[in-house]
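*Asks:* So I've got this file, start_36.pdb, and it contains PDB, C-alpha atoms:
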```
MODEL        1
ATOM      1  CA  MET A 133      84.943 -47.812 115.111  1.00  0.00           C
ATOM      2  CA  LEU A 134      87.303 -47.438 118.079  1.00  0.00           C
ATOM      3  CA  GLU A 135      86.276 -50.849 119.374  1.00  0.00           C
ATOM      4  CA  HIS A 136      87.199 -52.410 116.037  1.00  0.00           C
ATOM      5  CA  MET A 137      90.619 -50.687 116.004  1.00  0.00           C
ATOM      6  CA  PHE A 138      91.580 -51.957 119.448  1.00  0.00           C
ATOM      7  CA  HIS A 139      89.919 -55.394 119.307  1.00  0.00           C
ATOM      8  CA  LEU A 140      92.406 -58.268 119.489  1.00  0.00           C
ATOM      9  CA  PRO A 141      91.469 -61.204 117.255  1.00  0.00           C
ATOM     10  CA  SER A 142      90.466 -64.316 119.189  1.00  0.00           C
ATOM     11  CA  THR A 143      92.871 -66.424 117.099  1.00  0.00           C
ATOM     12  CA  VAL A 144      95.914 -64.834 118.758  1.00  0.00           C
ATOM     13  CA  SER A 145      96.458 -64.963 122.528  1.00  0.00           C
ATOM     14  CA  LEU A 146      98.044 -62.149 124.493  1.00  0.00           C
ATOM     15  CA  LEU A 147     100.969 -64.413 125.391  1.00  0.00           C
ATOM     16  CA  GLU A 148     101.587 -65.141 121.709  1.00  0.00           C
ATOM     17  CA  LYS A 149     101.457 -61.404 121.002  1.00  0.00           C
ATOM     18  CA  ILE A 150     104.227 -60.871 123.543  1.00  0.00           C
ATOM     19  CA  LEU A 151     106.361 -63.884 122.583  1.00  0.00           C
ATOM     20  CA  ARG A 152     106.396 -63.246 118.808  1.00  0.00           C
ATOM     21  CA  PRO A 153     108.360 -59.955 118.972  1.00  0.00           C
ATOM     22  CA  VAL A 154     110.684 -61.343 121.636  1.00  0.00           C
ATOM     23  CA  LEU A 155     111.568 -64.383 119.513  1.00  0.00           C
ATOM     24  CA  VAL A 156     112.031 -62.297 116.360  1.00  0.00           C
ATOM     25  CA  TYR A 157     114.202 -59.816 118.282  1.00  0.00           C
ATOM     26  CA  LEU A 158     116.458 -62.556 119.669  1.00  0.00           C
ATOM     27  CA  CYS A 159     116.766 -64.210 116.237  1.00  0.00           C
ATOM     28  CA  LEU A 160     117.660 -60.908 114.553  1.00  0.00           C
ATOM     29  CA  ILE A 161     120.322 -60.214 117.189  1.00  0.00           C
ATOM     30  CA  CYS A 162     121.811 -63.672 116.589  1.00  0.00           C
ATOM     31  CA  PHE A 163     121.677 -63.271 112.792  1.00  0.00           C
ATOM     32  CA  LEU A 164     123.309 -59.834 112.861  1.00  0.00           C
ATOM     33  CA  ARG A 165     126.037 -61.194 115.139  1.00  0.00           C
ATOM     34  CA  LEU A 166     126.500 -64.195 112.858  1.00  0.00           C
ATOM     35  CA  PHE A 167     126.680 -62.201 109.633  1.00  0.00           C
ATOM     36  CA  GLY A 168     129.092 -59.631 111.017  1.00  0.00           C
ATOM     37  CA  LYS A 169     129.596 -56.032 111.917  1.00  0.00           C
ATOM     38  CA  ARG A 170     129.497 -54.865 108.328  1.00  0.00           C
ATOM     39  CA  GLU A 171     125.693 -55.157 108.298  1.00  0.00           C
ATOM     40  CA  LEU A 172     125.591 -52.635 111.119  1.00  0.00           C
ATOM     41  CA  ALA A 173     128.092 -50.292 109.501  1.00  0.00           C
ATOM     42  CA  GLN A 174     125.814 -49.703 106.462  1.00  0.00           C
ATOM     43  CA  LEU A 175     128.750 -49.184 104.150  1.00  0.00           C
ATOM     44  CA  ASN A 176     126.940 -49.349 100.857  1.00  0.00           C
ATOM     45  CA  PRO A 177     123.414 -49.169  99.439  1.00  0.00           C
ATOM     46  CA  PHE A 178     123.112 -52.972  99.323  1.00  0.00           C
ATOM     47  CA  ASP A 179     123.684 -53.309 103.078  1.00  0.00           C
ATOM     48  CA  LEU A 180     121.217 -50.502 103.767  1.00  0.00           C
ATOM     49  CA  VAL A 181     118.570 -52.204 101.605  1.00  0.00           C
ATOM     50  CA  VAL A 182     119.070 -55.440 103.533  1.00  0.00           C
ATOM     51  CA  LEU A 183     118.598 -53.694 106.878  1.00  0.00           C
ATOM     52  CA  LEU A 184     115.512 -51.841 105.691  1.00  0.00           C
ATOM     53  CA  SER A 185     114.047 -55.007 104.205  1.00  0.00           C
ATOM     54  CA  LEU A 186     114.541 -56.901 107.460  1.00  0.00           C
ATOM     55  CA  SER A 187     111.866 -54.842 109.171  1.00  0.00           C
ATOM     56  CA  ASN A 188     109.339 -55.572 106.452  1.00  0.00           C
ATOM     57  CA  THR A 189     110.315 -59.246 106.312  1.00  0.00           C
ATOM     58  CA  VAL A 190     109.712 -59.859 110.015  1.00  0.00           C
ATOM     59  CA  GLN A 191     106.622 -57.664 110.344  1.00  0.00           C
ATOM     60  CA  ASN A 192     104.126 -60.499 109.975  1.00  0.00           C
ATOM     61  CA  ALA A 193     106.168 -62.720 112.260  1.00  0.00           C
ATOM     62  CA  ILE A 194     105.882 -60.041 114.935  1.00  0.00           C
ATOM     63  CA  ILE A 195     102.191 -59.164 114.640  1.00  0.00           C
ATOM     64  CA  GLY A 196     100.781 -62.236 112.909  1.00  0.00           C
ATOM     65  CA  ASP A 197      97.342 -61.802 111.337  1.00  0.00           C
ATOM     66  CA  ASP A 198      96.474 -58.983 113.693  1.00  0.00           C
ATOM     67  CA  ASN A 199      96.190 -55.480 112.243  1.00  0.00           C
ATOM     68  CA  SER A 200      94.632 -53.911 115.327  1.00  0.00           C
ATOM     69  CA  VAL A 201      96.137 -50.931 117.113  1.00  0.00           C
ATOM     70  CA  SER A 202      96.224 -52.988 120.313  1.00  0.00           C
ATOM     71  CA  GLY A 203      98.236 -55.692 118.568  1.00  0.00           C
ATOM     72  CA  GLY A 204     100.717 -53.107 117.280  1.00  0.00           C
ATOM     73  CA  ILE A 205     101.035 -51.532 120.716  1.00  0.00           C
ATOM     74  CA  ILE A 206     101.614 -54.908 122.368  1.00  0.00           C
ATOM     75  CA  GLY A 207     104.230 -55.795 119.713  1.00  0.00           C
ATOM     76  CA  ALA A 208     106.013 -52.458 120.102  1.00  0.00           C
ATOM     77  CA  PHE A 209     105.943 -52.754 123.892  1.00  0.00           C
ATOM     78  CA  SER A 210     107.354 -56.280 123.714  1.00  0.00           C
ATOM     79  CA  LEU A 211     110.212 -55.173 121.439  1.00  0.00           C
ATOM     80  CA  LEU A 212     111.086 -52.227 123.668  1.00  0.00           C
ATOM     81  CA  ALA A 213     110.810 -54.360 126.811  1.00  0.00           C
ATOM     82  CA  ILE A 214     113.100 -57.130 125.536  1.00  0.00           C
ATOM     83  CA  ASN A 215     115.592 -54.537 124.315  1.00  0.00           C
ATOM     84  CA  TRP A 216     115.581 -52.886 127.755  1.00  0.00           C
ATOM     85  CA  VAL A 217     115.962 -56.230 129.547  1.00  0.00           C
ATOM     86  CA  ILE A 218     118.874 -57.247 127.295  1.00  0.00           C
ATOM     87  CA  SER A 219     120.552 -53.827 127.723  1.00  0.00           C
ATOM     88  CA  VAL A 220     120.331 -54.039 131.518  1.00  0.00           C
ATOM     89  CA  ALA A 221     121.583 -57.641 131.524  1.00  0.00           C
ATOM     90  CA  LEU A 222     124.540 -56.761 129.303  1.00  0.00           C
ATOM     91  CA  PHE A 223     125.343 -53.707 131.420  1.00  0.00           C
ATOM     92  CA  ARG A 224     125.392 -55.803 134.586  1.00  0.00           C
ATOM     93  CA  ALA A 225     127.383 -58.642 133.007  1.00  0.00           C
ATOM     94  CA  PRO A 226     130.285 -57.148 131.013  1.00  0.00           C
ATOM     95  CA  LYS A 227     131.702 -60.593 130.183  1.00  0.00           C
ATOM     96  CA  LEU A 228     128.382 -61.625 128.657  1.00  0.00           C
ATOM     97  CA  ASP A 229     128.273 -58.332 126.758  1.00  0.00           C
ATOM     98  CA  SER A 230     131.757 -58.955 125.391  1.00  0.00           C
ATOM     99  CA  ALA A 231     130.884 -62.542 124.432  1.00  0.00           C
ATOM    100  CA  LEU A 232     127.666 -61.551 122.644  1.00  0.00           C
ATOM    101  CA  GLN A 233     128.944 -58.460 120.885  1.00  0.00           C
ATOM    102  CA  GLY A 234     132.374 -59.770 119.969  1.00  0.00           C
ATOM    103  CA  SER A 235     135.497 -57.700 119.773  1.00  0.00           C
ATOM    104  CA  GLU A 236     136.812 -54.983 117.545  1.00  0.00           C
ATOM    105  CA  THR A 237     138.565 -55.863 114.307  1.00  0.00           C
ATOM    106  CA  VAL A 238     141.712 -53.859 113.617  1.00  0.00           C
ATOM    107  CA  LEU A 239     141.814 -53.067 109.901  1.00  0.00           C
ATOM    108  CA  VAL A 240     144.760 -50.636 109.736  1.00  0.00           C
ATOM    109  CA  ARG A 241     147.708 -50.509 112.130  1.00  0.00           C
ATOM    110  CA  HIS A 242     150.665 -48.120 111.733  1.00  0.00           C
ATOM    111  CA  GLY A 243     149.480 -47.207 108.223  1.00  0.00           C
ATOM    112  CA  ARG A 244     149.319 -50.817 107.013  1.00  0.00           C
ATOM    113  CA  VAL A 245     146.117 -52.534 105.955  1.00  0.00           C
ATOM    114  CA  ASP A 246     145.420 -55.961 107.452  1.00  0.00           C
ATOM    115  CA  LYS A 247     144.192 -57.879 104.402  1.00  0.00           C
ATOM    116  CA  ARG A 248     142.993 -60.878 106.434  1.00  0.00           C
ATOM    117  CA  ALA A 249     140.902 -58.700 108.736  1.00  0.00           C
ATOM    118  CA  MET A 250     139.443 -56.948 105.689  1.00  0.00           C
ATOM    119  CA  GLU A 251     138.510 -60.317 104.179  1.00  0.00           C
ATOM    120  CA  ARG A 252     136.892 -61.500 107.429  1.00  0.00           C
ATOM    121  CA  GLU A 253     134.725 -58.375 107.484  1.00  0.00           C
ATOM    122  CA  HIS A 254     134.093 -58.513 103.699  1.00  0.00           C
ATOM    123  CA  LEU A 255     135.476 -55.017 103.177  1.00  0.00           C
ATOM    124  CA  THR A 256     137.302 -53.767 100.126  1.00  0.00           C
ATOM    125  CA  GLU A 257     140.101 -51.227 100.282  1.00  0.00           C
ATOM    126  CA  HIS A 258     137.756 -48.849  98.468  1.00  0.00           C
ATOM    127  CA  ASP A 259     135.150 -49.247 101.248  1.00  0.00           C
ATOM    128  CA  LEU A 260     137.749 -48.596 103.917  1.00  0.00           C
ATOM    129  CA  LEU A 261     139.251 -45.635 102.081  1.00  0.00           C
ATOM    130  CA  ALA A 262     135.762 -44.094 101.882  1.00  0.00           C
ATOM    131  CA  VAL A 263     135.500 -44.399 105.675  1.00  0.00           C
ATOM    132  CA  LEU A 264     138.927 -42.795 106.118  1.00  0.00           C
ATOM    133  CA  HIS A 265     138.012 -39.934 103.778  1.00  0.00           C
ATOM    134  CA  LYS A 266     134.908 -39.228 105.883  1.00  0.00           C
ATOM    135  CA  GLU A 267     137.226 -38.976 108.894  1.00  0.00           C
ATOM    136  CA  GLY A 268     139.545 -36.554 107.069  1.00  0.00           C
ATOM    137  CA  PHE A 269     142.401 -38.890 106.130  1.00  0.00           C
ATOM    138  CA  ARG A 270     143.716 -39.076 102.571  1.00  0.00           C
ATOM    139  CA  SER A 271     145.566 -42.381 102.761  1.00  0.00           C
ATOM    140  CA  PHE A 272     146.143 -45.486 104.831  1.00  0.00           C
ATOM    141  CA  GLU A 273     149.641 -44.254 105.666  1.00  0.00           C
ATOM    142  CA  ALA A 274     148.215 -41.308 107.640  1.00  0.00           C
ATOM    143  CA  VAL A 275     146.315 -43.661 109.966  1.00  0.00           C
ATOM    144  CA  GLU A 276     147.787 -45.088 113.154  1.00  0.00           C
ATOM    145  CA  ILE A 277     144.835 -47.369 113.816  1.00  0.00           C
ATOM    146  CA  CYS A 278     141.452 -48.014 112.247  1.00  0.00           C
ATOM    147  CA  SER A 279     139.129 -50.613 113.715  1.00  0.00           C
ATOM    148  CA  LEU A 280     135.591 -51.809 113.129  1.00  0.00           C
ATOM    149  CA  GLN A 281     133.846 -51.838 116.492  1.00  0.00           C
ATOM    150  CA  PRO A 282     131.357 -54.537 117.523  1.00  0.00           C
ATOM    151  CA  ASN A 283     128.475 -52.081 117.093  1.00  0.00           C
ATOM    152  CA  GLY A 284     129.412 -51.432 113.455  1.00  0.00           C
ATOM    153  CA  THR A 285     131.093 -48.058 113.909  1.00  0.00           C
ATOM    154  CA  PHE A 286     134.641 -47.280 112.837  1.00  0.00           C
ATOM    155  CA  TYR A 287     137.281 -45.914 115.168  1.00  0.00           C
ATOM    156  CA  VAL A 288     140.032 -44.051 113.329  1.00  0.00           C
ATOM    157  CA  GLU A 289     143.110 -42.471 114.902  1.00  0.00           C
ATOM    158  CA  GLY A 290     145.697 -40.602 112.884  1.00  0.00           C
ATOM    159  CA  LYS A 291     149.427 -40.963 113.246  1.00  0.00           C
ATOM    160  CA  LYS A 292     151.008 -38.572 115.670  1.00  0.00           C
ATOM    161  CA  PRO A 293     154.315 -37.067 114.643  1.00  0.00           C
ATOM    162  CA  SER A 294     157.398 -38.372 116.434  1.00  0.00           C
ATOM    163  CA  PRO A 295     159.168 -36.008 118.853  1.00  0.00           C
ATOM    164  CA  MET A 296     161.885 -35.497 116.215  1.00  0.00           C
ATOM    165  CA  GLU A 297     159.330 -34.629 113.522  1.00  0.00           C
ATOM    166  CA  GLU A 298     157.529 -32.288 115.936  1.00  0.00           C
ATOM    167  CA  SER A 299     160.826 -30.570 116.795  1.00  0.00           C
ATOM    168  CA  ALA A 300     161.670 -30.169 113.104  1.00  0.00           C
ATOM    169  CA  ARG A 301     158.210 -28.677 112.439  1.00  0.00           C
ATOM    170  CA  GLU A 302     158.615 -26.201 115.308  1.00  0.00           C
ATOM    171  CA  MET A 303     162.070 -25.245 113.990  1.00  0.00           C
ATOM    172  CA  ARG A 304     160.680 -24.649 110.484  1.00  0.00           C
ATOM    173  CA  GLU A 305     157.881 -22.500 111.918  1.00  0.00           C
ATOM    174  CA  GLY A 306     160.425 -20.514 113.990  1.00  0.00           C
ATOM    175  CA  LEU A 307     162.666 -19.958 110.951  1.00  0.00           C
ATOM    176  CA  GLU A 308     159.652 -18.823 108.900  1.00  0.00           C
ATOM    177  CA  ALA A 309     158.676 -16.350 111.650  1.00  0.00           C
ATOM    178  CA  LEU A 310     162.262 -14.997 111.734  1.00  0.00           C
ATOM    179  CA  ARG A 311     162.294 -14.675 107.926  1.00  0.00           C
ATOM    180  CA  GLN A 312     159.088 -12.649 108.045  1.00  0.00           C
ATOM    181  CA  GLU A 313     160.477 -10.391 110.799  1.00  0.00           C
ATOM    182  CA  VAL A 314     163.703  -9.785 108.827  1.00  0.00           C
ATOM    183  CA  ALA A 315     161.672  -8.965 105.718  1.00  0.00           C
ATOM    184  CA  ALA A 316     159.541  -6.527 107.734  1.00  0.00           C
ATOM    185  CA  LEU A 317     162.657  -4.855 109.209  1.00  0.00           C
ATOM    186  CA  ARG A 318     164.196  -4.532 105.738  1.00  0.00           C
ATOM    187  CA  ALA A 319     161.009  -2.950 104.473  1.00  0.00           C
ATOM    188  CA  GLN A 320     161.071  -0.453 107.365  1.00  0.00           C
ATOM    189  CA  LEU A 321     164.743   0.379 106.753  1.00  0.00           C
ATOM    190  CA  GLY A 322     164.068   0.848 103.044  1.00  0.00           C
ATOM    191  CA  GLN A 323     161.243   3.299 103.756  1.00  0.00           C
ATOM    192  CA  SER A 324     163.223   5.380 106.296  1.00  0.00           C
ATOM    193  CA  SER A 325     166.260   5.952 104.050  1.00  0.00           C
TER
ENDMDL
END
```
Can I see the file as structure tokens?
*Replies:*
Amino acid sequence: MLEHMFHLPSTVSLLEKILRPVLVYLCLICFLRLFGKRELAQLNPFDLVVLLSLSNTVQNAIIGDDNSVSGGIIGAFSLLAINWVISVALFRAPKLDSALQGSETVLVRHGRVDKRAMEREHLTEHDLLAVLHKEGFRSFEAVEICSLQPNGTFYVEGKKPSPMEESAREMREGLEALRQEVAALRAQLGQSS
């Protein structure tokens, strides 16, 4: 039984077993880059279904007609090896990494939505607002910058109050503290008389 599980079919060479996953991996990387960062962001159920279906779609291309454990192990090893090689190459060549991954797309700047950037990334305002809500922001106006990173994640930074607004807030807090102290002193004076 064990021999049958680990027996590689004679119709598929070891080299083919290694090259299949590598080719599929490289094609998927190119396709995901071509179709945009939104696919990586998994914004809605449709995008998630596409990503999950990709693995099933390319399964036979990776392992071919081989259902042996050895074939699966060789395929998995090949995928992990090519991923490691690409990661090391991109780490050592930042310009290549930048060229392959692309750049961030700024979607909101100073509280204003960039409609063209949203169209390029095929995002609706509803999609983006859902992302902002997850980050704790109620509106676009509260956001200083929101960008879609090359890896499909969102970077969101809230607006910081201006020095004048910060000073006004501190003054209001100080006045409120004084009001509470005066009220407490009045209460003490009222009790002692």
*Asks:* Kindly assemble as CSV a list of the region 208-239 of chain A residues that lie within 7 Å of region 261-280 of chain A, each paired with its nearest atom pair and their distance in Å to one decimal, using only C-alpha atoms, sorted first by chain and then by ascending residue number.
*Replies:*
```
residue,atom,partner,partner_atom,distance
A:Glu236,CA,A:Leu280,CA,5.6
A:Thr237,CA,A:Leu280,CA,5.2
A:Val238,CA,A:Ser279,CA,4.1
A:Leu239,CA,A:Ser279,CA,5.3
```
*Asks:* Take every atom of region 235-246 of chain A listed in the file, pad by 4 Å on each side, and give me the axis-aligned box centre and edge lengths in Å, one decimal, as JSON.
*Replies:*
```
{"center_x": 143.1, "center_y": -52.5, "center_z": 112.9, "size_x": 23.2, "size_y": 18.5, "size_z": 21.8}
```
*Asks:* For a quick check of understanding, using all atoms listed in the file, which of A:Leu260, A:Leu164, A:Leu317, A:Leu151 has the smallest distance to Val240 (chain A)?
*Replies:*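 Distance minimum relative to Val240 (chain A) lands on A:Leu260.
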*Asks:* Which of these, A:Gly207, A:Gly306, A:Gly243, A:Pro282, has the shortest distance to Phe167 (chain A) once you count all atoms listed in the file?
*Replies:*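 Residue with the minimum atom-to-atom distance to Phe167 (chain A): A:Pro282.
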*Asks:* Which of these residues is nearest to Asn283 (chain A), using all atoms listed in the file: A:Ser324, A:Ser299, A:Gln233, A:Asn188?
*Replies:* A:Gln233
*Asks:* Provide the CA of Gly234 (chain A) to CA of Leu160 (chain A) distance in Å, to one decimal place.
*Replies:*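 Answer for the CA of Gly234 (chain A) to CA of Leu160 (chain A) separation: 15.7 Å.
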*Asks:* So which residues touch Asp229 (chain A) within 12 Å, counting all atoms listed in the file, skipping near sequence neighbours fewer than 3 positions away, as a CSV table (one decimal) with C-alpha atoms, in the coordinates of the input?
*Replies:*
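Produced file part05.csv, reproduced below:
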```csv
chain,number,residue,atom,x,y,z
A,218,ILE,CA,118.9,-57.2,127.3
A,219,SER,CA,120.6,-53.8,127.7
A,220,VAL,CA,120.3,-54.0,131.5
A,221,ALA,CA,121.6,-57.6,131.5
A,222,LEU,CA,124.5,-56.8,129.3
A,223,PHE,CA,125.3,-53.7,131.4
A,224,ARG,CA,125.4,-55.8,134.6
A,225,ALA,CA,127.4,-58.6,133.0
A,226,PRO,CA,130.3,-57.1,131.0
A,232,LEU,CA,127.7,-61.6,122.6
A,233,GLN,CA,128.9,-58.5,120.9
A,234,GLY,CA,132.4,-59.8,120.0
A,235,SER,CA,135.5,-57.7,119.8
A,282,PRO,CA,131.4,-54.5,117.5
A,283,ASN,CA,128.5,-52.1,117.1
```
*Asks:* Of the candidates A:Lys149, A:Phe286, A:Pro293, A:Leu184, which shows the shortest atom-to-atom distance to Phe209 (chain A), using only C-alpha atoms?
*Replies:*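 Selected residue with least distance to Phe209 (chain A): A:Lys149.
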*Asks:* May I ask which of the residues A:Val154, A:Ile195, A:Leu186, A:Val245 is the closest one to Trp216 (chain A), counting all atoms listed in the file?
*Replies:*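 Nearest to Trp216 (chain A): A:Val154.
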*Asks:* Here is a test: counting all atoms listed in the file, which residue of A:Val201, A:Arg252, A:Arg301, A:Val217 is nearest to Leu158 (chain A)?
*Replies:*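 With all atoms listed in the file as the atom set, the closest residue is A:Val217.
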*Asks:* Any idea what the distance is between CA of Ser210 (chain A) and CA of Ile150 (chain A)?
*Replies:*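 So the two atoms, CA of Ser210 (chain A) and CA of Ile150 (chain A), lie 5.6 Å apart.
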*Asks:* Rounded to one decimal place, report the CA of Thr285 (chain A)-CA of Lys247 (chain A) distance in Å.
*Replies:* 18.9 Å
